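K.L.:
Provided herewith: coords_21.pdb, PDB, C-alpha atoms.
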ATOM      1  CA  MET A   1      -2.825  17.406   0.231  1.00  0.00           C
ATOM      2  CA  PRO A   2      -1.056  14.009   0.153  1.00  0.00           C
ATOM      3  CA  HIS A   3      -1.712  11.900  -2.939  1.00  0.00           C
ATOM      4  CA  ILE A   4      -2.310   8.195  -2.290  1.00  0.00           C
ATOM      5  CA  LEU A   5      -2.352   5.334  -4.790  1.00  0.00           C
ATOM      6  CA  VAL A   6      -4.749   2.511  -3.869  1.00  0.00           C
ATOM      7  CA  VAL A   7      -4.203  -0.750  -5.771  1.00  0.00           C
ATOM      8  CA  ASP A   8      -6.678  -3.568  -5.205  1.00  0.00           C
ATOM      9  CA  ASP A   9      -8.535  -5.875  -7.581  1.00  0.00           C
ATOM     10  CA  ASP A  10     -11.652  -5.807  -5.357  1.00  0.00           C
ATOM     11  CA  THR A  11     -13.919  -2.929  -6.427  1.00  0.00           C
ATOM     12  CA  MET A  12     -15.637  -2.762  -3.036  1.00  0.00           C
ATOM     13  CA  VAL A  13     -12.358  -2.488  -1.127  1.00  0.00           C
ATOM     14  CA  ARG A  14     -10.981   0.119  -3.541  1.00  0.00           C
ATOM     15  CA  THR A  15     -14.133   2.216  -3.360  1.00  0.00           C
ATOM     16  CA  ALA A  16     -14.367   2.021   0.434  1.00  0.00           C
ATOM     17  CA  ILE A  17     -10.745   3.118   0.853  1.00  0.00           C
ATOM     18  CA  GLU A  18     -11.155   5.879  -1.737  1.00  0.00           C
ATOM     19  CA  ILE A  19     -14.245   7.301   0.017  1.00  0.00           C
ATOM     20  CA  LEU A  20     -12.588   7.101   3.450  1.00  0.00           C
ATOM     21  CA  LEU A  21      -9.427   8.841   2.294  1.00  0.00           C
ATOM     22  CA  ALA A  22     -11.230  11.513   0.270  1.00  0.00           C
ATOM     23  CA  ARG A  23     -13.362  12.355   3.326  1.00  0.00           C
ATOM     24  CA  HIS A  24     -10.158  12.871   5.295  1.00  0.00           C
ATOM     25  CA  GLY A  25      -8.628  15.265   2.789  1.00  0.00           C
ATOM     26  CA  PHE A  26      -6.420  12.973   0.737  1.00  0.00           C
ATOM     27  CA  GLN A  27      -6.163  13.018  -3.030  1.00  0.00           C
ATOM     28  CA  VAL A  28      -6.735   9.434  -4.183  1.00  0.00           C
ATOM     29  CA  THR A  29      -5.945   7.540  -7.362  1.00  0.00           C
ATOM     30  CA  THR A  30      -7.218   3.982  -7.625  1.00  0.00           C
ATOM     31  CA  ALA A  31      -6.052   1.099  -9.775  1.00  0.00           C
ATOM     32  CA  ASN A  32      -7.889  -2.181 -10.264  1.00  0.00           C
ATOM     33  CA  GLY A  33      -4.753  -4.303 -10.304  1.00  0.00           C
ATOM     34  CA  GLY A  34      -0.994  -4.348 -10.291  1.00  0.00           C
ATOM     35  CA  GLU A  35      -0.496  -3.518 -13.953  1.00  0.00           C
ATOM     36  CA  SER A  36      -2.734  -0.438 -13.897  1.00  0.00           C
ATOM     37  CA  GLY A  37      -1.170   0.595 -10.581  1.00  0.00           C
ATOM     38  CA  LEU A  38       2.301   0.468 -12.110  1.00  0.00           C
ATOM     39  CA  ARG A  39       1.108   2.569 -15.076  1.00  0.00           C
ATOM     40  CA  ALA A  40      -0.234   5.163 -12.626  1.00  0.00           C
ATOM     41  CA  LEU A  41       3.077   5.124 -10.758  1.00  0.00           C
ATOM     42  CA  GLU A  42       4.953   5.873 -14.004  1.00  0.00           C
ATOM     43  CA  THR A  43       2.970   9.047 -14.687  1.00  0.00           C
ATOM     44  CA  THR A  44       2.105  10.428 -11.245  1.00  0.00           C
ATOM     45  CA  ALA A  45       4.009  11.224  -8.061  1.00  0.00           C
ATOM     46  CA  PHE A  46       2.447   9.688  -4.967  1.00  0.00           C
ATOM     47  CA  ASP A  47       3.109  10.299  -1.289  1.00  0.00           C
ATOM     48  CA  LEU A  48       1.972   6.824  -0.233  1.00  0.00           C
ATOM     49  CA  MET A  49       0.784   3.547  -1.777  1.00  0.00           C
ATOM     50  CA  ILE A  50      -1.721   1.024  -0.448  1.00  0.00           C
ATOM     51  CA  VAL A  51      -1.273  -2.246  -2.342  1.00  0.00           C
ATOM     52  CA  ASP A  52      -3.103  -5.554  -2.031  1.00  0.00           C
ATOM     53  CA  ILE A  53      -0.725  -8.500  -1.806  1.00  0.00           C
ATOM     54  CA  PHE A  54      -2.739 -10.993  -3.853  1.00  0.00           C
ATOM     55  CA  MET A  55      -4.121  -9.826  -7.205  1.00  0.00           C
ATOM     56  CA  PRO A  56      -4.640 -11.500 -10.577  1.00  0.00           C
ATOM     57  CA  HIS A  57      -1.838 -11.173 -13.147  1.00  0.00           C
ATOM     58  CA  MET A  58       0.764 -10.454 -10.447  1.00  0.00           C
ATOM     59  CA  ARG A  59       1.567 -13.499  -8.388  1.00  0.00           C
ATOM     60  CA  GLY A  60       1.834 -13.248  -4.649  1.00  0.00           C
ATOM     61  CA  PHE A  61       4.399 -10.723  -3.541  1.00  0.00           C
ATOM     62  CA  GLU A  62       5.495  -9.703  -7.006  1.00  0.00           C
ATOM     63  CA  SER A  63       3.375  -6.555  -6.825  1.00  0.00           C
ATOM     64  CA  ILE A  64       4.811  -5.453  -3.461  1.00  0.00           C
ATOM     65  CA  ARG A  65       8.379  -6.059  -4.642  1.00  0.00           C
ATOM     66  CA  ILE A  66       7.876  -4.224  -7.944  1.00  0.00           C
ATOM     67  CA  PHE A  67       6.020  -1.249  -6.429  1.00  0.00           C
ATOM     68  CA  HIS A  68       8.743  -0.864  -3.808  1.00  0.00           C
ATOM     69  CA  GLU A  69      11.513  -1.140  -6.439  1.00  0.00           C
ATOM     70  CA  ARG A  70       9.889   1.462  -8.706  1.00  0.00           C
ATOM     71  CA  ALA A  71       9.282   3.974  -5.891  1.00  0.00           C
ATOM     72  CA  PRO A  72      11.530   3.060  -2.942  1.00  0.00           C
ATOM     73  CA  ALA A  73      11.075   6.430  -1.202  1.00  0.00           C
ATOM     74  CA  VAL A  74       7.271   6.173  -1.237  1.00  0.00           C
ATOM     75  CA  PRO A  75       5.882   4.386   1.829  1.00  0.00           C
ATOM     76  CA  LEU A  76       3.852   1.305   0.974  1.00  0.00           C
ATOM     77  CA  ILE A  77       1.117  -0.229   3.102  1.00  0.00           C
ATOM     78  CA  ALA A  78       0.519  -3.851   2.109  1.00  0.00           C
ATOM     79  CA  ILE A  79      -2.981  -5.195   2.684  1.00  0.00           C
ATOM     80  CA  SER A  80      -4.249  -8.747   2.572  1.00  0.00           C
ATOM     81  CA  GLY A  81      -7.382 -10.697   3.332  1.00  0.00           C
ATOM     82  CA  TYR A  82      -5.309 -13.719   4.211  1.00  0.00           C
ATOM     83  CA  ALA A  83      -4.951 -14.454   7.895  1.00  0.00           C
ATOM     84  CA  PHE A  84      -1.803 -13.925   9.888  1.00  0.00           C
ATOM     85  CA  ALA A  85       0.111 -17.083  10.589  1.00  0.00           C
ATOM     86  CA  ASN A  86      -0.216 -18.416  14.097  1.00  0.00           C
ATOM     87  CA  LEU A  87       1.668 -21.035  16.023  1.00  0.00           C
ATOM     88  CA  ALA A  88      -1.038 -23.669  15.480  1.00  0.00           C
ATOM     89  CA  SER A  89      -1.002 -23.234  11.699  1.00  0.00           C
ATOM     90  CA  PRO A  90       1.707 -24.114   9.181  1.00  0.00           C
ATOM     91  CA  ALA A  91       0.493 -21.265   6.912  1.00  0.00           C
ATOM     92  CA  PRO A  92       3.043 -18.518   6.199  1.00  0.00           C
ATOM     93  CA  ASP A  93       2.656 -15.037   7.630  1.00  0.00           C
ATOM     94  CA  PHE A  94       1.953 -13.194   4.364  1.00  0.00           C
ATOM     95  CA  LEU A  95       1.987  -9.732   5.897  1.00  0.00           C
ATOM     96  CA  ARG A  96       5.384 -10.336   7.541  1.00  0.00           C
ATOM     97  CA  MET A  97       6.714 -11.494   4.170  1.00  0.00           C
ATOM     98  CA  ALA A  98       5.386  -8.302   2.526  1.00  0.00           C
ATOM     99  CA  HIS A  99       7.152  -6.242   5.173  1.00  0.00           C
ATOM    100  CA  ASP A 100      10.396  -8.046   4.371  1.00  0.00           C
ATOM    101  CA  LEU A 101       9.942  -7.101   0.685  1.00  0.00           C
ATOM    102  CA  GLY A 102       9.710  -3.387   1.457  1.00  0.00           C
ATOM    103  CA  ALA A 103       6.262  -2.628   2.824  1.00  0.00           C
ATOM    104  CA  ALA A 104       6.452   0.074   5.506  1.00  0.00           C
ATOM    105  CA  ARG A 105       3.351  -1.318   7.204  1.00  0.00           C
ATOM    106  CA  CYS A 106       1.051  -4.290   6.744  1.00  0.00           C
ATOM    107  CA  LEU A 107      -2.642  -4.502   7.464  1.00  0.00           C
ATOM    108  CA  ARG A 108      -5.147  -7.332   7.357  1.00  0.00           C
ATOM    109  CA  LYS A 109      -8.537  -6.957   5.662  1.00  0.00           C
ATOM    110  CA  PRO A 110     -11.190  -6.120   6.591  1.00  0.00           C
ATOM    111  CA  LEU A 111      -9.596  -2.772   7.283  1.00  0.00           C
ATOM    112  CA  ALA A 112     -10.565  -0.778  10.352  1.00  0.00           C
ATOM    113  CA  PRO A 113     -10.833   2.838   9.134  1.00  0.00           C
ATOM    114  CA  ALA A 114      -9.142   4.344  12.208  1.00  0.00           C
ATOM    115  CA  THR A 115      -6.267   1.864  12.005  1.00  0.00           C
ATOM    116  CA  LEU A 116      -5.718   2.580   8.309  1.00  0.00           C
ATOM    117  CA  LEU A 117      -5.780   6.351   8.873  1.00  0.00           C
ATOM    118  CA  ASN A 118      -3.310   6.035  11.761  1.00  0.00           C
ATOM    119  CA  MET A 119      -0.956   3.940   9.613  1.00  0.00           C
ATOM    120  CA  ILE A 120      -1.154   6.481   6.804  1.00  0.00           C
ATOM    121  CA  ASP A 121      -0.366   9.325   9.210  1.00  0.00           C
ATOM    122  CA  GLU A 122       2.585   7.388  10.662  1.00  0.00           C
ATOM    123  CA  CYS A 123       4.000   6.547   7.226  1.00  0.00           C
ATOM    124  CA  LEU A 124       3.656  10.108   5.959  1.00  0.00           C
ATOM    125  CA  ALA A 125       5.264  11.506   9.138  1.00  0.00           C
ATOM    126  CA  GLU A 126       8.188   9.079   8.811  1.00  0.00           C
ATOM    127  CA  ALA A 127       8.656   9.930   5.113  1.00  0.00           C
ATOM    128  CA  ARG A 128       8.717  13.725   5.628  1.00  0.00           C
ATOM    129  CA  PRO A 129      12.089  13.892   7.452  1.00  0.00           C
ATOM    130  CA  ARG A 130      13.631  11.765   4.688  1.00  0.00           C
ATOM    131  CA  ASP A 131      12.244  14.092   2.000  1.00  0.00           C
ATOM    132  CA  LYS A 132      13.594  17.171   3.803  1.00  0.00           C
ATOM    133  CA  GLY A 133      17.015  15.548   4.104  1.00  0.00           C
ATOM    134  CA  ILE A 134      17.068  14.717   0.407  1.00  0.00           C
ATOM    135  CA  ALA A 135      15.993  18.248  -0.555  1.00  0.00           C
ATOM    136  CA  GLN A 136      18.644  19.818   1.697  1.00  0.00           C
ATOM    137  CA  SER A 137      21.419  17.697   0.230  1.00  0.00           C
ATOM    138  CA  LEU A 138      20.592  18.696  -3.375  1.00  0.00           C
TER     139      LEU A 138
END
Translate the structure of the given file into structure tokens.
P.N.:
Amino acid sequence: MPHILVVDDDTMVRTAIEILLARHGFQVTTANGGESGLRALETTAFDLMIVDIFMPHMRGFESIRIFHERAPAVPLIAISGYAFANLASPAPDFLRMAHDLGAARCLRKPLAPATLLNMIDECLAEARPRDKGIAQSL
């Protein structure tokens, strides 16, 4: 059963994702912010991380960069409630920036359950061949 770390400062979002994933057979650990998420990452092996881009105590993309640096082989799905940039707006595309910092996928809140589950399946499927290659080379 894949173990997923969910890091979000919003209790409602964390709980909703936890319930969804548990119902679909995933083991879930939640963290209420970047610092507690990093502590969990130090003591537990995860198959995938879902990390909010904007949380208190970790500015902007710092959390995505640090999570990716600490566990580069673990796929990371960045989530954000901020809108995608569009041609009519000078606002930056936060999810594109998260992808550039190491996120395997990016998803805008509110999350569509089917979309999130599909992304998780894709990330886990992509990570498996890498894991097998690493294990075979050891």
K.L.:
List as a ChimeraX atom specification the protein and nucleic acid residues near Leu107 (chain A), meaning an atom at most 7 Å away when all atoms listed in the file are counted, but skip any in the same chain fewer than 5 places from it.
P.N.:
/A:78-80
K.L.:
How many Å separate CA of Thr43 (chain A) from CA of Lys109 (chain A)?
P.N.:
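Calculated distance between CA of Thr43 (chain A) and CA of Lys109 (chain A) is 28.3 Å.
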K.L.:
Taking only C-alpha atoms into account, name the residue in A:Ile53, A:Arg65, A:Leu111, A:Leu21 that is nearest to Asp93 (chain A).
P.N.:
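When distances to Asp93 (chain A) are compared using only C-alpha atoms, the smallest one comes from A:Ile53.
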K.L.:
Since I can't run it myself right now, could you work out what the PyMOL selection byres ((chain A and resi 30) around 6) selects here and report it as a VMD selection string?
P.N.:
chain A and resid 5 to 7 29 31
K.L.:
Need the axis-aligned box for region 29-42 of chain A with 5 Å each side, so what are the centre and edges in Å to one decimal, as AutoDock Vina command-line options?
P.N.:
--center_x -1.5 --center_y 1.6 --center_z -11.2 --size_x 22.8 --size_y 21.9 --size_z 17.7
K.L.:
Name the residues in contact with Met58 (chain A) at a cut-off of 10 Å, using only C-alpha atoms, excluding same-chain residues fewer than 6 positions from it; report them as a list in words.
P.N.:
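The residues satisfying every condition are Gly33, Gly34, Glu35, Ile64 and Ile66 of chain A.
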K.L.:
Which distance in Å separates CA of Val28 (chain A) and CA of Phe94 (chain A), to one decimal?
P.N.:
25.7 Å
K.L.:
From the block I gave, I'd like region 29-43 of chain A written with C-alpha atoms, as an mmCIF file, in the first residue's frame.
P.N.:
data_model
loop_
_atom_site.group_PDB
_atom_site.id
_atom_site.type_symbol
_atom_site.label_atom_id
_atom_site.label_comp_id
_atom_site.auth_asym_id
_atom_site.auth_seq_id
_atom_site.Cartn_x
_atom_site.Cartn_y
_atom_site.Cartn_z
ATOM 1 C CA THR A 29 0.349 10.824 6.889
ATOM 2 C CA THR A 30 -0.693 14.453 7.202
ATOM 3 C CA ALA A 31 1.269 17.494 8.294
ATOM 4 C CA ASN A 32 -0.190 20.904 9.080
ATOM 5 C CA GLY A 33 2.680 22.843 7.551
ATOM 6 C CA GLY A 34 6.091 22.681 5.980
ATOM 7 C CA GLU A 35 8.070 22.249 9.181
ATOM 8 C CA SER A 36 6.006 19.309 10.445
ATOM 9 C CA GLY A 37 6.043 17.820 6.939
ATOM 10 C CA LEU A 38 9.836 17.932 6.867
ATOM 11 C CA ARG A 39 9.984 16.252 10.300
ATOM 12 C CA ALA A 40 7.738 13.472 8.974
ATOM 13 C CA LEU A 41 9.969 13.117 5.916
ATOM 14 C CA GLU A 42 13.027 12.643 8.163
ATOM 15 C CA THR A 43 11.503 9.680 9.999
#
